[in-house]
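Shown here: structure17.txt, compact mmCIF, C-alpha atoms.
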```
# COMPACT_ATOMS: atom_id res chain seq x y z
CA MET L 1 -101.43 -77.72 -30.75
CA ASP L 2 -100.76 -81.32 -29.68
CA ALA L 3 -103.80 -81.17 -27.38
CA GLY L 4 -106.05 -80.42 -30.35
CA ILE L 5 -104.56 -83.32 -32.29
CA GLU L 6 -104.89 -85.67 -29.35
CA GLN L 7 -108.54 -84.66 -28.91
CA LEU L 8 -109.19 -85.53 -32.57
CA LEU L 9 -107.49 -88.86 -32.05
CA ALA L 10 -109.58 -89.52 -28.96
CA ASP L 11 -112.69 -88.80 -31.07
CA GLY L 12 -111.49 -91.30 -33.69
CA ARG L 13 -111.00 -88.59 -36.34
CA HIS L 14 -107.65 -89.95 -37.49
CA ALA L 15 -107.64 -88.45 -40.98
CA ARG L 16 -108.23 -84.95 -39.64
CA ALA L 17 -105.62 -85.50 -36.92
CA PHE L 18 -103.07 -86.61 -39.51
CA ASP L 19 -103.75 -83.47 -41.55
CA LEU L 20 -102.62 -81.47 -38.48
CA ILE L 21 -99.76 -83.78 -37.55
CA VAL L 22 -97.92 -83.32 -40.85
CA PRO L 23 -97.37 -79.54 -40.63
CA ALA L 24 -96.76 -79.74 -36.88
CA PHE L 25 -94.15 -82.51 -36.94
CA ARG L 26 -92.64 -82.85 -40.41
CA ASP L 27 -89.72 -80.46 -39.76
CA ARG L 28 -88.96 -81.96 -36.36
CA VAL L 29 -89.06 -85.46 -37.83
CA PHE L 30 -86.77 -84.37 -40.65
CA ARG L 31 -84.27 -82.69 -38.31
CA LEU L 32 -84.11 -85.73 -36.06
CA ALA L 33 -83.64 -87.97 -39.09
CA TYR L 34 -80.89 -85.68 -40.35
CA SER L 35 -79.10 -85.70 -36.99
CA ILE L 36 -78.99 -89.50 -37.17
CA LEU L 37 -78.42 -90.12 -40.89
CA LYS L 38 -76.32 -86.99 -41.61
CA ASP L 39 -77.59 -86.92 -45.18
CA ARG L 40 -80.31 -84.56 -46.41
CA ALA L 41 -81.83 -86.84 -49.05
CA ALA L 42 -81.78 -89.88 -46.78
CA ALA L 43 -83.30 -87.82 -43.97
CA GLU L 44 -86.11 -86.65 -46.26
CA ASP L 45 -86.83 -90.23 -47.33
CA ALA L 46 -86.83 -91.29 -43.69
CA ALA L 47 -89.20 -88.44 -42.81
CA GLN L 48 -91.59 -89.60 -45.57
CA GLU L 49 -91.41 -93.17 -44.36
CA THR L 50 -91.92 -92.09 -40.75
CA LEU L 51 -95.05 -90.08 -41.54
CA VAL L 52 -96.48 -92.93 -43.63
CA ARG L 53 -95.91 -95.24 -40.65
CA VAL L 54 -97.57 -92.69 -38.39
CA TRP L 55 -100.57 -92.60 -40.76
CA LYS L 56 -100.83 -96.39 -40.69
CA ALA L 57 -100.40 -96.67 -36.94
CA LEU L 58 -102.54 -93.70 -35.93
CA PRO L 59 -105.74 -95.75 -35.28
CA GLY L 60 -103.72 -97.79 -32.76
CA PHE L 61 -102.27 -94.77 -30.91
CA ASP L 62 -103.55 -95.18 -27.35
CA GLY L 63 -102.25 -91.94 -25.87
CA ARG L 64 -100.15 -93.63 -23.19
CA ALA L 65 -97.09 -91.73 -24.47
CA ALA L 66 -97.14 -88.13 -25.62
CA LEU L 67 -97.78 -87.82 -29.34
CA GLY L 68 -94.39 -86.17 -29.94
CA THR L 69 -92.53 -88.88 -28.04
CA TRP L 70 -94.39 -91.55 -30.03
CA ILE L 71 -93.60 -89.91 -33.38
CA HIS L 72 -89.94 -89.38 -32.46
CA ALA L 73 -89.66 -93.06 -31.45
CA ILE L 74 -91.01 -94.06 -34.88
CA THR L 75 -88.53 -91.66 -36.50
CA ARG L 76 -85.57 -93.13 -34.63
CA ASN L 77 -86.64 -96.69 -35.48
CA THR L 78 -87.05 -95.77 -39.14
CA CYS L 79 -83.58 -94.21 -39.24
CA LEU L 80 -81.93 -97.11 -37.42
CA MET L 81 -83.57 -99.51 -39.89
CA GLU L 82 -82.18 -97.42 -42.72
CA ILE L 83 -78.68 -97.60 -41.18
CA ARG L 84 -79.03 -101.37 -40.78
CA ARG L 85 -80.24 -101.64 -44.37
CA ARG L 86 -77.13 -99.81 -45.56
CA ARG L 87 -74.79 -101.93 -43.44
CA PRO L 88 -76.64 -105.21 -42.92
CA THR L 89 -73.67 -107.20 -41.62
CA VAL L 90 -72.42 -104.73 -39.01
CA SER L 91 -73.87 -104.35 -35.52
CA LEU L 92 -74.79 -100.84 -34.41
CA ASP L 93 -73.38 -101.60 -30.97
CA ASP L 94 -70.03 -102.71 -32.32
CA PRO L 95 -67.42 -100.08 -31.26
CA ASP L 96 -65.20 -100.95 -34.21
CA ALA L 97 -68.14 -100.41 -36.52
CA ASP L 98 -68.80 -97.03 -34.88
CA GLU L 99 -65.21 -95.99 -35.54
CA ALA L 100 -65.48 -97.16 -39.13
CA GLN L 101 -68.67 -95.17 -39.56
CA GLN L 102 -67.00 -92.09 -38.09
CA ALA L 103 -64.02 -92.48 -40.40
CA ALA L 104 -66.28 -92.87 -43.42
CA ALA L 105 -68.34 -89.85 -42.39
CA ALA L 106 -65.19 -87.80 -41.80
CA ALA L 107 -63.94 -88.72 -45.24
CA SER L 108 -67.27 -87.64 -46.70
CA VAL L 109 -66.70 -84.04 -45.55
CA GLY L 110 -65.05 -82.78 -48.67
CA PRO L 111 -62.89 -79.66 -49.04
CA GLY L 112 -64.94 -76.47 -48.89
CA ALA L 113 -64.39 -72.74 -49.11
CA ASP L 114 -63.96 -72.40 -45.33
CA PRO L 115 -61.15 -74.66 -44.03
CA GLU L 116 -61.89 -73.79 -40.38
CA ARG L 117 -65.52 -74.80 -40.83
CA ASP L 118 -64.53 -78.02 -42.61
CA ASN L 119 -62.10 -78.76 -39.83
CA LEU L 120 -64.78 -78.29 -37.19
CA LEU L 121 -67.20 -80.57 -39.09
CA ARG L 122 -64.52 -83.25 -39.24
CA MET L 123 -64.00 -82.93 -35.50
CA VAL L 124 -67.72 -83.30 -34.91
CA GLU L 125 -67.63 -86.53 -36.92
CA THR L 126 -65.09 -87.95 -34.48
CA LEU L 127 -67.42 -87.54 -31.49
CA PRO L 128 -69.35 -90.55 -30.14
CA ARG L 129 -72.62 -91.08 -32.01
CA ASN L 130 -74.91 -89.95 -29.16
CA GLN L 131 -72.89 -86.73 -28.73
CA GLN L 132 -73.02 -86.07 -32.47
CA GLU L 133 -76.80 -86.48 -32.50
CA ALA L 134 -77.19 -84.16 -29.52
CA VAL L 135 -74.91 -81.50 -31.06
CA ARG L 136 -76.56 -81.58 -34.48
CA LEU L 137 -80.04 -81.56 -33.08
CA PHE L 138 -79.30 -78.78 -30.57
CA TYR L 139 -78.16 -76.40 -33.29
CA LEU L 140 -80.95 -77.48 -35.64
CA GLU L 141 -83.64 -77.10 -33.00
CA ASP L 142 -82.90 -73.43 -32.24
CA ARG L 143 -80.70 -74.41 -29.29
CA SER L 144 -83.58 -75.84 -27.29
CA TYR L 145 -82.56 -78.48 -24.76
CA GLU L 146 -86.22 -79.39 -24.28
CA ALA L 147 -86.72 -80.10 -27.99
CA VAL L 148 -83.56 -82.22 -28.13
CA ALA L 149 -84.54 -84.14 -25.00
CA GLU L 150 -87.98 -84.90 -26.44
CA ALA L 151 -86.57 -85.91 -29.82
CA LEU L 152 -83.91 -88.19 -28.38
CA GLY L 153 -86.17 -89.53 -25.63
CA MET L 154 -83.62 -88.58 -22.96
CA PRO L 155 -83.85 -86.60 -19.73
CA LEU L 156 -82.94 -82.94 -20.03
CA GLY L 157 -79.90 -83.36 -17.78
CA THR L 158 -78.54 -86.16 -19.96
CA VAL L 159 -78.81 -83.98 -23.05
CA LYS L 160 -77.04 -81.09 -21.32
CA ASN L 161 -74.30 -83.41 -20.19
CA LEU L 162 -73.86 -84.89 -23.68
CA LEU L 163 -73.63 -81.46 -25.25
CA HIS L 164 -71.27 -80.15 -22.61
CA ARG L 165 -68.92 -83.11 -23.05
CA ALA L 166 -69.05 -82.72 -26.80
CA ARG L 167 -68.08 -79.04 -26.65
CA LYS L 168 -65.26 -79.73 -24.22
CA LYS L 169 -63.97 -82.45 -26.51
CA LEU L 170 -64.14 -80.07 -29.48
CA MET L 171 -62.21 -77.45 -27.43
CA GLU L 172 -59.46 -80.01 -26.87
CA LEU L 173 -59.44 -81.12 -30.51
CA ALA L 174 -59.30 -77.54 -31.71
CA GLN L 175 -55.92 -76.88 -30.09
CA PRO L 176 -53.19 -76.10 -32.65
CA ASP L 177 -51.09 -79.12 -31.72
CA ARG L 178 -54.09 -81.48 -32.00
CA GLU L 179 -55.88 -79.97 -34.95
CA VAL L 180 -57.54 -82.53 -37.21
CA LYS L 181 -56.06 -82.07 -40.62
CA ALA L 182 -57.95 -82.58 -43.81
CA ALA L 183 -57.45 -86.01 -45.36
CA MET J 184 -60.41 -70.82 -31.22
CA ASN J 185 -56.69 -71.42 -31.62
CA ALA J 186 -55.63 -69.55 -28.47
CA PRO J 187 -54.01 -71.66 -25.74
CA LEU J 188 -56.70 -73.60 -23.94
CA ASN J 189 -57.16 -73.49 -20.23
CA TYR J 190 -58.40 -77.00 -19.46
CA HIS J 191 -59.20 -76.31 -15.85
CA PRO J 192 -61.95 -73.83 -15.08
CA CYS J 193 -62.98 -73.66 -11.44
CA GLU J 194 -64.90 -76.87 -10.87
CA ALA J 195 -67.75 -75.14 -9.06
CA PHE J 196 -68.34 -72.81 -11.99
CA GLU J 197 -67.81 -75.05 -15.04
CA HIS J 198 -71.46 -75.99 -15.61
CA GLU J 199 -72.71 -72.55 -14.71
CA ILE J 200 -70.39 -71.01 -17.27
CA ALA J 201 -71.78 -73.44 -19.86
CA ASP J 202 -75.32 -72.45 -18.86
CA LEU J 203 -74.32 -68.80 -19.13
CA VAL J 204 -73.13 -69.38 -22.70
CA ASP J 205 -76.44 -71.09 -23.49
CA GLY J 206 -78.40 -68.27 -21.84
CA LEU J 207 -79.98 -70.57 -19.29
CA LEU J 208 -79.01 -68.79 -16.08
CA SER J 209 -81.38 -66.64 -14.04
CA ALA J 210 -80.57 -62.96 -13.61
CA ALA J 211 -79.28 -63.53 -10.10
CA ASP J 212 -77.05 -66.46 -11.12
CA THR J 213 -75.84 -64.57 -14.18
CA GLY J 214 -74.67 -61.71 -11.96
CA ARG J 215 -72.93 -64.08 -9.58
CA VAL J 216 -71.12 -65.99 -12.38
CA ARG J 217 -70.12 -62.78 -14.13
CA SER J 218 -68.63 -61.49 -10.87
CA HIS J 219 -66.57 -64.68 -10.65
CA LEU J 220 -65.46 -64.36 -14.27
CA ALA J 221 -64.36 -60.81 -13.65
CA ALA J 222 -62.14 -62.04 -10.86
CA CYS J 223 -60.88 -65.36 -12.37
CA ALA J 224 -58.67 -65.27 -15.46
CA ALA J 225 -58.70 -69.07 -15.89
CA CYS J 226 -62.48 -69.25 -16.00
CA ARG J 227 -62.61 -66.18 -18.22
CA SER J 228 -60.26 -67.80 -20.73
CA TRP J 229 -62.15 -71.10 -20.62
CA GLN J 230 -65.48 -69.32 -21.05
CA ALA J 231 -64.19 -67.44 -24.11
CA GLN J 232 -63.08 -70.64 -25.81
CA TYR J 233 -66.25 -72.51 -24.83
CA ALA J 234 -68.33 -69.69 -26.30
CA ALA J 235 -66.17 -69.74 -29.44
CA VAL J 236 -66.90 -73.46 -29.97
CA HIS J 237 -70.58 -72.76 -29.39
CA ASP J 238 -70.63 -69.94 -31.95
CA GLN J 239 -68.68 -71.93 -34.53
CA LEU J 240 -70.98 -74.93 -34.19
CA ALA J 241 -73.99 -72.65 -34.60
CA SER J 242 -72.63 -71.25 -37.84
CA ALA J 243 -70.83 -74.31 -39.23
CA LEU J 244 -73.34 -77.11 -38.82
CA PRO J 245 -75.59 -77.47 -41.84
CA LYS J 246 -79.25 -76.60 -41.36
CA PRO J 247 -80.98 -78.47 -44.15
CA SER J 248 -84.67 -78.04 -44.83
CA LEU J 249 -87.27 -80.18 -46.50
CA SER J 250 -87.66 -79.91 -50.25
CA ALA J 251 -90.66 -78.05 -51.64
CA GLY J 252 -92.18 -81.26 -53.00
CA PHE J 253 -92.21 -83.06 -49.67
CA ASP J 254 -95.91 -82.55 -48.89
CA ALA J 255 -97.01 -83.49 -52.43
CA ALA J 256 -94.92 -86.69 -52.37
CA LEU J 257 -96.30 -87.59 -48.95
CA ASN J 258 -99.89 -86.95 -50.04
CA SER J 259 -99.33 -89.11 -53.10
CA ARG J 260 -98.12 -92.01 -50.97
CA ILE J 261 -101.03 -91.62 -48.55
CA GLN J 262 -103.53 -91.57 -51.42
CA GLU J 263 -102.01 -94.77 -52.83
CA LEU J 264 -102.40 -96.40 -49.43
CA LYS J 265 -105.98 -95.17 -49.14
CA THR J 266 -106.80 -96.63 -52.58
CA ALA J 267 -105.21 -99.94 -51.64
CA ASN J 268 -107.12 -99.90 -48.35
CA GLY J 269 -110.36 -99.11 -50.25
CA ARG J 270 -109.88 -102.17 -52.46
CA GLU J 271 -109.24 -104.28 -49.41
CA SER J 272 -112.34 -102.87 -47.67
CA ARG J 273 -114.52 -103.66 -50.69
CA ARG J 274 -113.20 -107.23 -50.82
CA VAL J 275 -113.92 -107.69 -47.10
CA ALA J 276 -117.43 -106.25 -47.56
CA ALA J 277 -118.13 -108.65 -50.46
CA ASP J 278 -116.97 -111.59 -48.36
CA GLN J 279 -119.20 -110.50 -45.49
CA GLU J 280 -122.18 -110.16 -47.85
CA HIS J 281 -121.52 -113.62 -49.25
CA ASP J 282 -121.37 -115.13 -45.75
CA ALA J 283 -124.59 -113.38 -44.71
CA LEU J 284 -126.33 -114.71 -47.82
CA LEU J 285 -125.25 -118.26 -47.00
CA VAL J 286 -126.56 -117.96 -43.44
CA SER J 287 -129.86 -116.60 -44.72
CA LEU J 288 -130.22 -119.39 -47.27
CA ARG J 289 -129.46 -122.05 -44.66
CA GLN J 290 -132.12 -120.57 -42.35
CA GLN J 291 -134.67 -120.53 -45.18
CA THR J 292 -133.79 -124.11 -46.06
CA GLY J 293 -134.39 -125.21 -42.47
CA ARG J 294 -137.80 -123.54 -42.39
CA ARG J 295 -138.70 -125.16 -45.69
CA ALA J 296 -137.73 -128.60 -44.39
CA VAL J 297 -139.96 -128.20 -41.30
CA LEU J 298 -142.93 -127.03 -43.37
CA GLY J 299 -142.33 -129.87 -45.83
CA ALA J 300 -142.30 -132.44 -43.04
CA LEU J 301 -145.57 -131.04 -41.59
CA ALA J 302 -147.20 -131.08 -45.00
CA THR J 303 -146.03 -134.64 -45.62
CA GLY J 304 -147.38 -135.77 -42.25
CA SER J 305 -150.75 -134.17 -42.95
CA VAL J 306 -151.00 -135.78 -46.39
CA VAL J 307 -150.08 -139.19 -44.96
CA ALA J 308 -152.65 -138.84 -42.14
CA PHE J 309 -155.45 -137.82 -44.49
CA GLY J 310 -154.35 -140.55 -46.90
CA LEU J 311 -154.58 -143.18 -44.17
CA LEU J 312 -158.03 -141.99 -43.11
CA ALA J 313 -159.21 -142.07 -46.69
CA LEU J 314 -157.62 -145.46 -47.20
CA GLN J 315 -159.41 -146.80 -44.13
CA ARG J 316 -162.77 -145.72 -45.55
CA VAL J 317 -161.92 -147.13 -48.95
CA VAL J 318 -160.84 -150.47 -47.41
CA LEU J 319 -164.06 -150.67 -45.41
CA GLN J 320 -166.17 -149.93 -48.48
CA ILE J 321 -164.17 -152.40 -50.53
CA ALA J 322 -164.74 -155.03 -47.87
CA ALA J 323 -168.49 -154.33 -48.03
CA VAL J 324 -168.49 -154.48 -51.83
CA HIS J 325 -166.25 -157.57 -51.69
CA ALA J 326 -168.79 -159.34 -49.56
CA ALA J 327 -171.57 -158.50 -52.03
CA LEU J 328 -169.62 -159.54 -55.17
CA GLN J 329 -169.27 -162.96 -56.70
CA GLY J 330 -166.34 -164.88 -58.43
CA GLY J 331 -164.60 -162.89 -61.26
CA GLU J 332 -166.05 -159.50 -60.23
CA ARG J 333 -164.45 -159.84 -56.81
CA LEU J 334 -160.98 -160.53 -58.34
CA THR J 335 -161.24 -157.49 -60.63
CA VAL J 336 -162.13 -155.14 -57.79
CA VAL J 337 -159.33 -156.49 -55.52
CA CYS J 338 -156.66 -156.03 -58.21
CA GLY J 339 -157.92 -152.53 -59.02
CA ALA J 340 -157.84 -151.55 -55.33
CA ILE J 341 -154.27 -152.85 -54.87
CA GLY J 342 -153.11 -150.92 -57.98
CA ALA J 343 -154.73 -147.72 -56.77
CA ALA J 344 -153.10 -148.12 -53.33
CA ILE J 345 -149.65 -148.62 -54.85
CA ALA J 346 -150.09 -145.58 -57.12
CA ALA J 347 -151.20 -143.43 -54.18
CA ALA J 348 -148.20 -144.59 -52.10
CA VAL J 349 -145.80 -143.74 -54.92
CA ILE J 350 -147.31 -140.27 -55.30
CA VAL J 351 -147.08 -139.56 -51.55
CA TRP J 352 -143.50 -140.84 -51.34
CA THR J 353 -142.42 -138.72 -54.30
CA LEU J 354 -144.01 -135.58 -52.87
CA SER J 355 -142.43 -136.13 -49.48
CA ARG J 356 -138.98 -136.64 -50.98
CA SER J 357 -139.13 -133.40 -52.96
CA ALA J 358 -140.27 -131.46 -49.87
CA MET J 359 -137.53 -132.85 -47.60
CA VAL J 360 -134.56 -132.14 -49.89
CA THR J 361 -132.14 -129.63 -48.25
CA PRO J 362 -129.82 -127.86 -50.67
CA ARG J 363 -126.11 -127.68 -49.76
CA PHE J 364 -124.11 -124.52 -50.46
CA VAL J 365 -120.47 -124.68 -51.10
CA ARG J 366 -118.27 -121.56 -50.88
CA TRP J 367 -115.49 -121.25 -53.40
```
Would you encode the structure as C-alpha cells?
Amino acid sequence: MDAGIEQLLADGRHARAFDLIVPAFRDRVFRLAYSILKDRAAAEDAAQETLVRVWKALPGFDGRAALGTWIHAITRNTCLMEIRRRRPTVSLDDPDADEAQQAAAAASVGPGADPERDNLLRMVETLPRNQQEAVRLFYLEDRSYEAVAEALGMPLGTVKNLLHRARKKLMELAQPDREVKAA
Amino acid sequence: MNAPLNYHPCEAFEHEIADLVDGLLSAADTGRVRSHLAACAACRSWQAQYAAVHDQLASALPKPSLSAGFDAALNSRIQELKTANGRESRRVAADQEHDALLVSLRQQTGRRAVLGALATGSVVAFGLLALQRVVLQIAAVHAALQGGERLTVVCGAIGAAIAAAVIVWTLSRSAMVTPRFVRW
C-alpha cells in the first residue's frame, strides 16, 4: 500500500498519492491524535489539520523517512502545538505542569455507569504521559506493538517496556488499600 | 482485580509472562512458560492479575472513531486551498507574462535604435556627397555670375543648406529615441 503511494510520489503525482494517503492513514492519524489529546473532537480537528499539512508538504517529501513515520511526526507536532495553544504559558517539560494536566484530566473523567471502569480510567490518567500514550495507542491499534512503535517513533523494545511498566503500575494502584477513589 | 497482589514474580519469567499475555511467545516458549506457571504459584497469581489489567484496559479504554463527515470536511478544506493556490498561480503567470513582454519590447527597441543609426548615417553620407556636388556647381556658377546675382545665389544656397541640416537632424532624433518602460 505505502509502496504504491511512494511510487506515485516519486513520479510527482502528488494529488493521486494524497487521494490514497487519506483512506490509508486517516484512522491511524486520528488514533495517535486521540492518544495525545484525549479528546475526540480535538483529535478529529488535529487529524484534519495534519492531513492538510501533509497535502501542503507532499511535494517536498523526499522519501528519506518512511511515509508513515513522516505523517506520524506531523501528527505529533500538530497535537503538541494544539496543547501549547491551549496552555501557552506552561512548558510541556515542566513536571509540575504534567501533574496539573493529569489532575485536570482525572477530574474530567466524570461518574459513569461502571465505577470499576471509571476507576481504571482515572488510574490511567495518573500514569506518566508517555506511558498513557503507549497504553491508549496499544489498545486502539488492535494491540500491535509495531503500530504503536511506528506511531510514537520509538523502538519496539521501548514501547514494550513502557506498556509493561504502565500495567505493573496499574496493578499496584488497583489494590484495595490504594484504590483511587472518585473525586 | 482486587485480589491480593503478588508483587514479585520470578524475575526470569516476568517479561515472558507479559509476552504470554500479549500472545507474543513462540509455541516452544509458550510451553516452557506454562510449565513454569503450573509449578509456581507466585507467578501464576501475578500472571492472573496482569492479564486482568490487560483485559480491563482493552474493554475500558474508549475507542473513538472519526465522524462520518470527516472526509467531506477535509475535501472542502483541500478545495479551498486549491482555489487559493490557483489564484496565486494565475497572478504569478500574469507577472511572468508582463516581464517577458518588457524584455521583448526592450530587445525590439534596441534593434530599432541600431537600424535608425544606420539609416541616419546613410542619409548624412548621401547628403554630404550631394552637398559637395552642389557646392562645386555653386562655385562654378558663382564664378560666372556678376554683382547682385551672385549675392542672391549665395543667400539661397545657405538657406537651402540650413533647411536640409534641420531636416536631417530632426529625422535622426526621431529614429534614435528609445522608449523607457516602467513597471507599476
**Q.** chain J contacts on chain L, all atoms listed in the file, 10 Å, as a ChimeraX atom specification
**A.** /L:19,22-23,26-27,30-31,34,38-41,43-45,47-49,51-52,55-56,114,116-121,124,135-145,160-161,163-164,167-168,170-172,174-177,179
Write a file of the selected residues as a PDB file, in the coordinates of the input, keeping C-alpha atoms.
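Printed below is result-v4.pdb as written:
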```pdb
ATOM      1  CA  ASP L  19    -103.750 -83.470 -41.550  1.00  0.00           C
ATOM      2  CA  VAL L  22     -97.920 -83.320 -40.850  1.00  0.00           C
ATOM      3  CA  PRO L  23     -97.370 -79.540 -40.630  1.00  0.00           C
ATOM      4  CA  ARG L  26     -92.640 -82.850 -40.410  1.00  0.00           C
ATOM      5  CA  ASP L  27     -89.720 -80.460 -39.760  1.00  0.00           C
ATOM      6  CA  PHE L  30     -86.770 -84.370 -40.650  1.00  0.00           C
ATOM      7  CA  ARG L  31     -84.270 -82.690 -38.310  1.00  0.00           C
ATOM      8  CA  TYR L  34     -80.890 -85.680 -40.350  1.00  0.00           C
ATOM      9  CA  LYS L  38     -76.320 -86.990 -41.610  1.00  0.00           C
ATOM     10  CA  ASP L  39     -77.590 -86.920 -45.180  1.00  0.00           C
ATOM     11  CA  ARG L  40     -80.310 -84.560 -46.410  1.00  0.00           C
ATOM     12  CA  ALA L  41     -81.830 -86.840 -49.050  1.00  0.00           C
ATOM     13  CA  ALA L  43     -83.300 -87.820 -43.970  1.00  0.00           C
ATOM     14  CA  GLU L  44     -86.110 -86.650 -46.260  1.00  0.00           C
ATOM     15  CA  ASP L  45     -86.830 -90.230 -47.330  1.00  0.00           C
ATOM     16  CA  ALA L  47     -89.200 -88.440 -42.810  1.00  0.00           C
ATOM     17  CA  GLN L  48     -91.590 -89.600 -45.570  1.00  0.00           C
ATOM     18  CA  GLU L  49     -91.410 -93.170 -44.360  1.00  0.00           C
ATOM     19  CA  LEU L  51     -95.050 -90.080 -41.540  1.00  0.00           C
ATOM     20  CA  VAL L  52     -96.480 -92.930 -43.630  1.00  0.00           C
ATOM     21  CA  TRP L  55    -100.570 -92.600 -40.760  1.00  0.00           C
ATOM     22  CA  LYS L  56    -100.830 -96.390 -40.690  1.00  0.00           C
ATOM     23  CA  ASP L 114     -63.960 -72.400 -45.330  1.00  0.00           C
ATOM     24  CA  GLU L 116     -61.890 -73.790 -40.380  1.00  0.00           C
ATOM     25  CA  ARG L 117     -65.520 -74.800 -40.830  1.00  0.00           C
ATOM     26  CA  ASP L 118     -64.530 -78.020 -42.610  1.00  0.00           C
ATOM     27  CA  ASN L 119     -62.100 -78.760 -39.830  1.00  0.00           C
ATOM     28  CA  LEU L 120     -64.780 -78.290 -37.190  1.00  0.00           C
ATOM     29  CA  LEU L 121     -67.200 -80.570 -39.090  1.00  0.00           C
ATOM     30  CA  VAL L 124     -67.720 -83.300 -34.910  1.00  0.00           C
ATOM     31  CA  VAL L 135     -74.910 -81.500 -31.060  1.00  0.00           C
ATOM     32  CA  ARG L 136     -76.560 -81.580 -34.480  1.00  0.00           C
ATOM     33  CA  LEU L 137     -80.040 -81.560 -33.080  1.00  0.00           C
ATOM     34  CA  PHE L 138     -79.300 -78.780 -30.570  1.00  0.00           C
ATOM     35  CA  TYR L 139     -78.160 -76.400 -33.290  1.00  0.00           C
ATOM     36  CA  LEU L 140     -80.950 -77.480 -35.640  1.00  0.00           C
ATOM     37  CA  GLU L 141     -83.640 -77.100 -33.000  1.00  0.00           C
ATOM     38  CA  ASP L 142     -82.900 -73.430 -32.240  1.00  0.00           C
ATOM     39  CA  ARG L 143     -80.700 -74.410 -29.290  1.00  0.00           C
ATOM     40  CA  SER L 144     -83.580 -75.840 -27.290  1.00  0.00           C
ATOM     41  CA  TYR L 145     -82.560 -78.480 -24.760  1.00  0.00           C
ATOM     42  CA  LYS L 160     -77.040 -81.090 -21.320  1.00  0.00           C
ATOM     43  CA  ASN L 161     -74.300 -83.410 -20.190  1.00  0.00           C
ATOM     44  CA  LEU L 163     -73.630 -81.460 -25.250  1.00  0.00           C
ATOM     45  CA  HIS L 164     -71.270 -80.150 -22.610  1.00  0.00           C
ATOM     46  CA  ARG L 167     -68.080 -79.040 -26.650  1.00  0.00           C
ATOM     47  CA  LYS L 168     -65.260 -79.730 -24.220  1.00  0.00           C
ATOM     48  CA  LEU L 170     -64.140 -80.070 -29.480  1.00  0.00           C
ATOM     49  CA  MET L 171     -62.210 -77.450 -27.430  1.00  0.00           C
ATOM     50  CA  GLU L 172     -59.460 -80.010 -26.870  1.00  0.00           C
ATOM     51  CA  ALA L 174     -59.300 -77.540 -31.710  1.00  0.00           C
ATOM     52  CA  GLN L 175     -55.920 -76.880 -30.090  1.00  0.00           C
ATOM     53  CA  PRO L 176     -53.190 -76.100 -32.650  1.00  0.00           C
ATOM     54  CA  ASP L 177     -51.090 -79.120 -31.720  1.00  0.00           C
ATOM     55  CA  GLU L 179     -55.880 -79.970 -34.950  1.00  0.00           C
TER      56      GLU L 179
END
```
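Going from atom CA of J:Ala347 over to atom CA of J:Gly310, you cover 8.4 Å.
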Q.
Using Å and a single decimal, report how far atom CA of L:Pro128 sits from atom CA of L:Leu173.
A. 13.7 Å
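For the pair atom CA of J:Glu332 and atom CA of J:Arg316, the separation is 20.4 Å.
Comparing L:Ala42, L:Met123, L:Cys79, L:Ile71 by their smallest distance to L:Ala57, the closest is L:Ile71 (using all atoms listed in the file).
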(Q) List as JSON, numbers by chain the protein and nucleic acid residues near L:Phe61, meaning an atom at most 9 Å away when only C-alpha atoms are counted, but skip any in the same chain fewer than 5 places from it. (A) {"L": [9, 67, 70]}
Q: Excluding J:Thr335 and any residue of its chain fewer than 6 positions from it, enumerate the residues within 12 Å of it, using all atoms listed in the file, and give them as a ChimeraX atom specification.
A: /J:321,324-325,328-329,341-342
**Q.** Residue contacts of stretch 4-7 of chain L (12 Å, all atoms listed in the file) excluding same-chain residues fewer than 6 positions away, as number ranges by chain
**A.** L: 13-25, 58-59, 61-68
Please give the centre and size of the box around stretch 59-71 of chain L (axis-aligned, containing every atom listed in the file, 8 Å added per side), with values in Å to one decimal and written as lines of an AutoDock Vina configuration file.
```
center_x = -99.1
center_y = -92.0
center_z = -29.2
size_x = 29.2
size_y = 27.6
size_z = 28.1
```
Q: Point out the residue among J:Ala302, J:Leu314, J:Arg294, J:Val204 with the least atom-to-atom distance to J:Asp238, counting all atoms listed in the file.
A: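 Closest to J:Asp238 of all the choices is J:Val204.
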